[in-house]
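To be precise, the following lines are work-v1.txt, and they hold compact mmCIF, C-alpha atoms and all ligand atoms.
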```
# COMPACT_ATOMS: atom_id res chain seq x y z
CA MET A 227 93.84 127.28 67.18
CA LYS A 228 94.98 123.68 67.13
CA CYS A 229 94.67 121.17 69.94
CA ALA A 230 98.43 121.30 70.57
CA ASP A 231 98.21 125.08 71.02
CA PHE A 232 95.35 124.66 73.43
CA LEU A 233 97.29 122.11 75.44
CA HIS A 234 100.25 124.44 75.57
CA GLU A 235 98.10 127.07 77.28
CA LEU A 236 96.22 124.65 79.51
CA THR A 237 98.15 125.37 82.69
CA ASP A 238 97.69 129.12 82.45
CA TYR A 239 94.08 128.61 81.49
CA LEU A 240 93.33 126.45 84.52
CA ASP A 241 95.19 128.86 86.76
CA GLY A 242 93.22 131.74 85.35
CA VAL A 243 96.31 133.75 84.53
CA MET A 244 95.96 135.02 80.98
CA ASP A 245 94.72 138.01 79.08
CA ALA A 246 91.10 138.20 77.98
CA GLY A 247 91.98 137.76 74.30
CA THR A 248 93.82 134.48 74.77
CA LYS A 249 91.13 133.25 77.12
CA ALA A 250 88.44 133.97 74.52
CA GLU A 251 90.42 132.07 71.89
CA LEU A 252 90.80 129.08 74.17
CA GLU A 253 87.14 129.06 75.05
CA GLU A 254 86.19 129.24 71.43
CA HIS A 255 88.32 126.15 70.85
CA LEU A 256 86.65 124.41 73.80
CA ALA A 257 83.24 125.18 72.38
CA TRP A 258 83.75 122.89 69.41
CA CYS A 259 86.59 120.54 70.43
CA HIS A 260 85.16 117.93 72.76
CA ASN A 261 88.52 116.24 73.20
CA CYS A 262 90.18 119.33 74.60
CA TYR A 263 87.12 120.10 76.71
CA VAL A 264 87.34 116.70 78.37
CA VAL A 265 91.10 116.98 78.85
CA ALA A 266 90.73 120.40 80.46
CA ASP A 267 87.81 119.33 82.61
CA THR A 268 89.37 116.10 83.87
CA THR A 269 92.73 117.79 84.45
CA LYS A 270 90.93 120.34 86.59
CA LYS A 271 89.27 117.50 88.49
CA THR A 272 92.63 115.80 88.93
CA ILE A 273 94.00 118.91 90.60
CA GLU A 274 90.94 119.36 92.80
CA ILE A 275 90.92 115.74 93.90
CA TYR A 276 94.58 115.88 94.93
CA ARG A 277 94.10 119.20 96.64
CA ASP A 278 91.10 118.01 98.62
CA SER A 279 92.50 114.61 99.45
CA LYS A 280 93.63 113.87 102.93
CA LEU A 281 96.69 112.22 101.50
CA TYR A 282 99.61 112.34 103.94
CA GLU A 283 97.86 114.04 106.78
CA LEU A 284 100.05 114.32 109.81
CA PRO A 285 98.38 112.40 112.67
CA GLU A 286 98.04 114.50 115.80
CA ASN A 287 100.10 112.21 118.05
CA LEU A 288 102.96 112.06 115.57
CA ARG A 289 102.68 115.79 115.13
CA THR A 290 103.12 116.38 118.84
CA ARG A 291 106.06 113.98 119.01
CA LEU A 292 107.87 115.67 116.12
CA ARG A 293 107.25 119.15 117.46
CA THR A 294 108.48 118.19 120.92
CA ALA A 295 111.66 116.77 119.41
CA ILE A 296 112.23 119.89 117.28
CA VAL A 297 111.72 122.24 120.21
CA ALA A 298 114.08 120.19 122.39
CA LYS A 299 116.79 120.36 119.74
CA CYS A 300 116.34 124.09 119.36
CA GLN A 301 116.46 124.59 123.15
CA SER A 302 119.68 122.66 123.47
CA ARG A 303 121.21 124.58 120.62
CA LYS A 304 120.24 127.78 122.32
CA LYS A 305 121.79 126.63 125.61
CA SER A 306 125.00 125.56 123.95
CA GLY A 307 125.10 129.15 122.77
CA SER A 308 126.61 128.43 119.39
CA GLU A 309 124.20 130.72 117.63
CA GLY A 310 120.61 131.73 117.81
CA ALA A 311 121.20 133.59 121.07
CA PRO A 312 120.93 137.35 121.07
CA SER A 313 124.27 138.92 120.37
CA MET B 37 84.77 126.14 82.69
CA GLY B 38 86.15 128.37 85.41
CA ALA B 39 89.69 128.46 86.65
CA ILE B 40 90.54 126.37 89.68
CA GLN B 41 90.05 128.29 92.88
CA PRO B 42 93.31 129.49 94.36
CA LYS B 43 94.03 128.38 97.88
CA VAL B 44 93.37 131.03 100.45
CA SER B 45 96.54 131.66 102.34
CA GLU B 46 96.50 132.72 105.95
CA PRO B 47 97.48 136.24 106.83
CA VAL B 48 101.19 136.45 107.49
CA SER B 49 101.31 139.87 109.07
CA ASP B 50 102.54 138.60 112.41
CA GLU B 51 104.94 136.17 110.84
CA LEU B 52 107.94 138.44 110.60
CA ALA B 53 107.51 139.29 114.26
CA LEU B 54 107.65 135.58 115.10
CA VAL B 55 110.75 135.15 112.97
CA GLU B 56 112.44 138.13 114.61
CA ALA B 57 111.60 136.80 118.07
CA ALA B 58 112.93 133.36 117.14
CA LYS B 59 116.11 134.94 115.80
CA ALA B 60 116.55 136.59 119.17
CA GLY B 61 116.36 133.18 120.83
CA ASP B 62 112.65 132.84 121.62
CA VAL B 63 112.08 129.14 121.01
CA SER B 64 108.34 129.39 121.70
CA ALA B 65 108.03 131.86 118.83
CA PHE B 66 109.74 129.33 116.63
CA GLU B 67 107.42 126.62 117.96
CA GLU B 68 104.51 128.69 116.69
CA LEU B 69 106.09 128.67 113.22
CA VAL B 70 106.44 124.89 113.49
CA ARG B 71 102.75 124.58 114.32
CA ARG B 72 101.89 126.70 111.36
CA TYR B 73 103.77 124.72 108.76
CA ASP B 74 104.55 121.23 110.06
CA ARG B 75 101.64 119.65 108.19
CA ASN B 76 102.75 121.21 104.92
CA VAL B 77 106.37 120.19 105.38
CA PHE B 78 105.31 116.65 106.23
CA ARG B 79 103.13 116.40 103.13
CA ILE B 80 105.85 117.73 100.85
CA ALA B 81 108.44 115.41 102.40
CA GLN B 82 106.16 112.42 102.11
CA HIS B 83 105.45 113.17 98.46
CA ILE B 84 109.13 113.48 97.60
CA THR B 85 110.60 110.66 99.69
CA GLN B 86 107.60 108.34 99.42
CA ASN B 87 108.63 106.98 102.77
CA ARG B 88 107.02 107.69 106.10
CA GLU B 89 110.13 107.45 108.27
CA ASP B 90 112.12 109.61 105.92
CA ALA B 91 109.34 112.18 105.92
CA GLU B 92 109.40 112.29 109.73
CA ASP B 93 113.16 112.85 109.66
CA VAL B 94 112.78 115.56 107.05
CA VAL B 95 110.28 117.44 109.23
CA GLN B 96 112.68 117.41 112.18
CA ASP B 97 115.79 118.17 110.17
CA ALA B 98 114.21 120.90 108.08
CA PHE B 99 112.82 122.81 111.05
CA PHE B 100 116.02 122.43 113.02
CA LYS B 101 118.05 123.60 110.06
CA ALA B 102 115.72 126.54 109.62
CA TYR B 103 116.11 127.46 113.28
CA SER B 104 119.89 127.17 113.11
CA ASN B 105 120.08 129.33 109.99
CA LEU B 106 117.41 131.88 110.81
CA LYS B 107 119.94 134.68 110.59
CA GLN B 108 120.32 133.95 106.92
CA PHE B 109 116.64 134.55 106.37
CA GLN B 110 116.50 138.12 105.22
CA GLY B 111 112.78 138.46 104.79
CA GLN B 112 112.91 139.05 101.02
CA SER B 113 110.72 136.03 100.50
CA LYS B 114 108.03 134.56 102.68
CA PHE B 115 109.27 132.48 105.58
CA TYR B 116 107.23 129.57 104.26
CA THR B 117 108.92 129.67 100.83
CA TRP B 118 112.31 129.75 102.51
CA LEU B 119 111.33 126.81 104.73
CA VAL B 120 110.00 124.81 101.79
CA ARG B 121 113.29 125.26 100.02
CA ILE B 122 115.13 123.77 102.99
CA ALA B 123 112.61 120.93 103.31
CA VAL B 124 112.79 120.04 99.61
CA ASN B 125 116.57 119.82 99.77
CA GLU B 126 116.46 117.62 102.86
CA ALA B 127 113.89 115.37 101.23
CA LEU B 128 115.91 115.06 98.03
CA MET B 129 118.97 114.10 100.07
CA LYS B 130 116.98 111.33 101.70
CA LEU B 131 115.75 110.14 98.35
CA ARG B 132 119.25 110.06 96.89
CA ARG B 133 120.55 108.15 99.87
CA ARG B 134 117.82 105.57 99.50
CA ARG B 135 118.08 105.26 95.75
CA PRO B 136 121.69 105.91 94.92
CA GLU B 137 121.34 104.00 91.68
CA ARG B 138 119.16 106.74 90.29
CA THR B 139 120.46 110.25 90.30
CA VAL B 140 117.74 112.51 91.50
CA SER B 141 117.89 116.08 90.44
CA LEU B 142 115.15 118.58 89.95
CA ASP B 143 116.54 120.17 86.86
CA GLU B 144 117.19 117.01 84.92
CA GLU B 145 115.51 116.96 81.57
CA VAL B 146 112.85 114.34 81.72
CA LYS B 147 112.03 113.03 78.32
CA THR B 148 108.36 112.66 77.66
CA GLU B 149 106.14 113.13 74.72
CA ASP B 150 104.72 116.21 76.38
CA ASP B 151 103.43 117.90 73.28
CA SER B 152 101.35 115.01 72.14
CA VAL B 153 97.65 115.59 72.37
CA PRO B 154 95.82 112.90 74.34
CA ARG B 155 93.75 110.71 72.09
CA GLU B 156 90.65 108.66 72.73
CA VAL B 157 89.77 110.89 75.61
CA ALA B 158 87.03 109.49 77.79
CA ASP B 159 85.02 111.61 80.14
CA TRP B 160 84.87 110.89 83.85
CA THR B 161 81.85 110.25 85.99
CA PRO B 162 80.55 113.46 87.58
CA ASN B 163 82.04 112.88 91.03
CA PRO B 164 84.61 110.20 90.34
CA GLU B 165 86.18 110.35 93.78
CA GLN B 166 82.89 109.34 95.38
CA GLN B 167 82.95 105.94 93.73
CA TYR B 168 85.63 104.88 96.16
CA SER B 169 86.01 104.70 99.90
CA GLN B 170 88.41 107.17 101.49
CA ALA B 171 91.00 104.44 101.93
CA GLU B 172 90.69 103.23 98.35
CA LEU B 173 90.89 106.76 97.02
CA ARG B 174 94.01 107.50 99.02
CA ASP B 175 95.61 104.35 97.76
CA ILE B 176 94.80 105.26 94.15
CA LEU B 177 96.09 108.82 94.52
CA ASP B 178 99.19 107.65 96.33
CA ARG B 179 100.15 105.01 93.80
CA THR B 180 99.37 107.33 90.91
CA ILE B 181 101.57 110.17 92.05
CA HIS B 182 104.36 107.77 92.99
CA GLY B 183 104.66 106.80 89.36
CA LEU B 184 105.74 110.30 88.40
CA PRO B 185 109.41 111.37 88.18
CA ALA B 186 110.53 113.22 91.33
CA THR B 187 110.81 116.54 89.56
CA PHE B 188 107.21 116.39 88.31
CA ARG B 189 105.85 115.22 91.66
CA THR B 190 107.61 117.99 93.50
CA VAL B 191 106.39 120.78 91.23
CA PHE B 192 102.85 119.42 91.31
CA VAL B 193 102.79 119.17 95.09
CA LEU B 194 104.13 122.65 95.68
CA ARG B 195 101.94 124.33 93.10
CA ASP B 196 98.71 122.37 93.19
CA VAL B 197 98.57 120.70 96.57
CA GLU B 198 100.28 123.32 98.72
CA GLY B 199 99.14 126.26 96.64
CA LEU B 200 102.48 128.05 96.15
CA SER B 201 102.59 130.47 93.24
CA THR B 202 104.65 129.72 90.15
CA GLU B 203 107.22 132.28 91.29
CA GLU B 204 107.44 130.82 94.81
CA THR B 205 107.77 127.31 93.42
CA ALA B 206 110.57 128.45 91.10
CA GLU B 207 112.33 130.07 94.02
CA ALA B 208 111.91 127.07 96.33
CA LEU B 209 113.20 124.64 93.71
CA ASP B 210 115.82 126.81 92.02
CA LEU B 211 114.10 126.40 88.70
CA SER B 212 113.24 128.97 86.09
CA ILE B 213 109.61 129.97 85.72
CA PRO B 214 109.28 128.33 82.27
CA ALA B 215 110.76 125.13 83.74
CA VAL B 216 108.18 125.15 86.54
CA LYS B 217 105.39 125.72 84.06
CA SER B 218 106.41 122.96 81.68
CA ARG B 219 106.90 120.47 84.53
CA LEU B 220 103.57 121.41 86.01
CA LEU B 221 101.78 120.87 82.73
CA ARG B 222 103.38 117.47 82.23
CA ALA B 223 102.69 116.45 85.81
CA ARG B 224 99.05 117.44 85.56
CA LEU B 225 98.56 115.66 82.24
CA GLN B 226 100.34 112.51 83.36
CA LEU B 227 98.31 112.31 86.55
CA ARG B 228 95.11 112.83 84.60
CA GLU B 229 96.10 110.10 82.18
CA ARG B 230 96.91 107.67 84.97
CA LEU B 231 93.70 108.39 86.85
CA ASN B 232 91.64 107.72 83.75
CA LYS B 233 91.30 104.04 84.34
CA PHE B 234 89.83 104.61 87.80
CA PHE B 235 87.54 107.51 87.05
CA GLN B 236 86.32 106.90 83.54
CA ARG B 237 82.62 107.00 82.92
CA ARG B 238 81.33 103.48 82.64
CA GLU B 239 78.88 103.47 79.82
CA ARG B 240 75.58 101.82 80.38
CA VAL B 241 74.28 99.41 77.79
CA ASN B 242 70.68 100.42 78.39
CA GLY B 243 71.44 104.10 78.25
CA SER B 244 71.26 106.36 75.26
CA GLN B 245 74.98 106.05 74.76
CA LYS B 246 76.37 103.26 72.70
CA PRO B 247 78.46 100.68 74.48
CA SER B 248 82.08 101.72 74.48
CA SER B 249 83.68 101.31 71.13
CA GLY B 250 86.70 100.46 73.17
CA ASP B 251 90.36 101.22 73.08
CA GLY B 252 91.11 98.75 70.37
CA ASN B 253 91.78 99.56 66.78
CA GLN B 254 88.95 99.59 64.39
ZN ZN C 401 91.23 120.53 70.67
```

Would you mind writing the structure in this file as structure tokens?
Amino acid sequence: MKCADFLHELTDYLDGVMDAGTKAELEEHLAWCHNCYVVADTTKKTIEIYRDSKLYELPENLRTRLRTAIVAKCQSRKKSGSEGAPS
Amino acid sequence: MGAIQPKVSEPVSDELALVEAAKAGDVSAFEELVRRYDRNVFRIAQHITQNREDAEDVVQDAFFKAYSNLKQFQGQSKFYTWLVRIAVNEALMKLRRRRPERTVSLDEEVKTEDDSVPREVADWTPNPEQQYSQAELRDILDRTIHGLPATFRTVFVLRDVEGLSTEETAEALDLSIPAVKSRLLRARLQLRERLNKFFQRRERVNGSQKPSSGDGNQ
């Protein structure tokens, strides 16, 4: 297996969706290719860091304001009876 | 090296009941659905539009649109996937309005040298994110993901941040499964590459490792 082949399978490898045979081949490549090991390891970290980050958390006060506005719009739509009301 | 842990999704057994109640005009049932997914919709919208006000608008518009079109939701997919699809479209509309000079489409072919194998790969420090304060880290992550084309960002956020499956992401974005996979790979690799300069292991002169032989040519 070449590095390019490894890279091609990286997404499935990190997601853990592949058959045992392919997985064994990839891990054999990782055992001797430091470059691919580091790429795989740091790509995994990249994903974990983004997933764990509190990037773009919705602050509670804004959350309440948005929800109140949404509910009000839905209520008025319901009252106007255009749709959404039981038929 | 183990696979990344999949996100645990909440049970959705009562969800169809909420949707049915909302269809019948029960706004409080719909409000419960808003509570369940407003954070996710906001995050997705913020990632796509890269603008706080636009993201707020997208949250309101997407939920209202979902409420108004609930009858079209047939329950073949998860409510969340259906909602994400609406939210992504609203967010892309905002983005196009703000940047009319650049056509924004999710299925555009983005040219990159995706098959090239990264060279001069440097390892990261063991817990790279701990080198920075929360605020610094957020700033780094924010600026890094902003540099990606919209189509890469969107796939990455749905798959890796929000934890949708490949199939759900394809459905939400109207992309084929191979297209989702290739965009995801490129997004992941580009983010990794861009984070390198912040997270690289700084080699110690007094350590057993040689001082960095550098990025220059030898
Ligand atoms: Zn390799």

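Atom CA of Gly199 of chain B is positioned 16.9 Å from atom CA of Ile181 of chain B.
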
Residues within 6 Å of ligand ZN 401 (chain C), counting all atoms listed in the file: report them as a short mmCIF file (atom, residue, chain, number, x, y, z; two decimals) with C-alpha atoms, keeping the file's coordinate frame.
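New file selection_31.cif:
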```cif
data_model
loop_
_atom_site.label_atom_id
_atom_site.label_comp_id
_atom_site.auth_asym_id
_atom_site.auth_seq_id
_atom_site.Cartn_x
_atom_site.Cartn_y
_atom_site.Cartn_z
CA CYS A 229 94.67 121.17 69.94
CA CYS A 259 86.59 120.54 70.43
CA ASN A 261 88.52 116.24 73.20
CA CYS A 262 90.18 119.33 74.60
#
```

Excluding segment 283-300 of chain A and residues on its chain fewer than 4 positions from it, collect all residues at most 9 Å away from it, counting only C-alpha atoms, and give them as a count of residues only.
-> 23

Compare A:Asp245, A:Arg303, A:Arg277, A:Lys228 by their minimum atom-to-atom distance to chain B, counting only C-alpha atoms, and give me the closest one.
->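 Using only C-alpha atoms, the shortest distance to chain B belongs to A:Arg277.
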
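Proximity to Ser306 of chain A was assessed for B:Gly61, B:Leu225, B:Glu172, B:Gln110 counting all atoms listed in the file; the smallest distance is recorded for B:Gly61.
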
Find the distance between atom CA of Ala53 of chain B and atom CA of Ile122 of chain B and write it in Å to one decimal.
-> 20.6 Å

Given only C-alpha atoms as the counted atoms, nearest of B:Val191, B:Ala208, B:Val197, B:Leu177 to Ala123 of chain B =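 Checking each candidate against Ala123 of chain B, we get B:Ala208 as the closest.
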
Do a neighbour search on Phe115 of chain B at 10 Å with all atoms listed in the file, toss out local chain neighbours closer than 5 positions, and write the hits as a list in words.
->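 Counting all atoms listed in the file, the residues come to Val48, Glu51, Leu52, Val55, Leu69, Ala102, Leu106, Phe109, Gln110, Val120 and Arg121 of chain B.
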
Looking at only C-alpha atoms, which of B:Ala65, B:Arg224, B:Glu126, B:Gln167 is the one that sits closest to chain A?
->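 Checking each candidate against chain A, we get B:Arg224 as the closest.
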
Could you check how far atom CA of Ser201 of chain B sits from atom CA of Thr85 of chain B, in Å to one decimal?
-> 22.3 Å

Mind giving me the axis-aligned box for segment 248-256 of chain A with 6 Å on every side, centre plus edges in Å to one decimal, as AutoDock Vina command-line options?
```
--center_x 90.0 --center_y 129.4 --center_z 74.0 --size_x 19.6 --size_y 22.1 --size_z 18.3
```

Atom completion result for segment 273-291 of chain A (N, CA, C and O atoms) as a short mmCIF file (atom, residue, chain, number, x, y, z; two decimals), in the coordinates of the input:
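Once everything was written out, this is part.cif:
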```
data_model
loop_
_atom_site.label_atom_id
_atom_site.label_comp_id
_atom_site.auth_asym_id
_atom_site.auth_seq_id
_atom_site.Cartn_x
_atom_site.Cartn_y
_atom_site.Cartn_z
N ILE A 273 93.40 117.97 89.66
CA ILE A 273 94.00 118.91 90.60
C ILE A 273 93.14 119.04 91.86
O ILE A 273 93.64 119.00 92.99
N GLU A 274 91.83 119.17 91.64
CA GLU A 274 90.94 119.36 92.80
C GLU A 274 90.92 118.14 93.71
O GLU A 274 90.89 118.27 94.93
N ILE A 275 90.96 116.96 93.09
CA ILE A 275 90.92 115.74 93.90
C ILE A 275 92.19 115.64 94.75
O ILE A 275 92.13 115.34 95.94
N TYR A 276 93.34 115.93 94.14
CA TYR A 276 94.58 115.88 94.93
C TYR A 276 94.58 116.95 96.02
O TYR A 276 95.02 116.72 97.13
N ARG A 277 94.09 118.11 95.67
CA ARG A 277 94.10 119.20 96.64
C ARG A 277 93.19 118.90 97.83
O ARG A 277 93.51 119.21 98.96
N ASP A 278 92.04 118.29 97.55
CA ASP A 278 91.10 118.01 98.62
C ASP A 278 91.40 116.73 99.38
O ASP A 278 90.80 116.46 100.41
N SER A 279 92.27 115.92 98.83
CA SER A 279 92.50 114.61 99.45
C SER A 279 93.19 114.78 100.80
O SER A 279 93.87 115.76 101.04
N LYS A 280 92.96 113.83 101.63
CA LYS A 280 93.63 113.87 102.93
C LYS A 280 94.90 113.03 102.88
O LYS A 280 95.32 112.45 103.85
N LEU A 281 95.48 113.00 101.70
CA LEU A 281 96.69 112.22 101.50
C LEU A 281 97.81 112.81 102.37
O LEU A 281 98.05 113.99 102.34
N TYR A 282 98.47 111.94 103.12
CA TYR A 282 99.61 112.34 103.94
C TYR A 282 99.29 113.38 104.99
O TYR A 282 100.01 114.34 105.19
N GLU A 283 98.14 113.18 105.63
CA GLU A 283 97.86 114.04 106.78
C GLU A 283 98.76 113.62 107.92
O GLU A 283 99.06 112.45 108.09
N LEU A 284 99.17 114.60 108.68
CA LEU A 284 100.05 114.32 109.81
C LEU A 284 99.17 114.00 111.03
O LEU A 284 98.45 114.87 111.50
N PRO A 285 99.21 112.75 111.51
CA PRO A 285 98.38 112.40 112.67
C PRO A 285 98.79 113.23 113.90
O PRO A 285 99.97 113.52 114.07
N GLU A 286 97.80 113.56 114.70
CA GLU A 286 98.04 114.50 115.80
C GLU A 286 99.10 114.01 116.80
O GLU A 286 99.93 114.78 117.26
N ASN A 287 99.11 112.69 117.08
CA ASN A 287 100.10 112.21 118.05
C ASN A 287 101.53 112.28 117.49
O ASN A 287 102.47 112.65 118.18
N LEU A 288 101.65 111.95 116.21
CA LEU A 288 102.96 112.06 115.57
C LEU A 288 103.39 113.53 115.50
O LEU A 288 104.56 113.88 115.72
N ARG A 289 102.42 114.36 115.23
CA ARG A 289 102.68 115.79 115.13
C ARG A 289 103.29 116.32 116.44
O ARG A 289 104.28 117.04 116.43
N THR A 290 102.64 115.93 117.53
CA THR A 290 103.12 116.38 118.84
C THR A 290 104.53 115.85 119.10
O THR A 290 105.40 116.58 119.58
N ARG A 291 104.74 114.59 118.76
CA ARG A 291 106.06 113.98 119.01
C ARG A 291 107.15 114.71 118.22
O ARG A 291 108.20 115.04 118.76
#
```
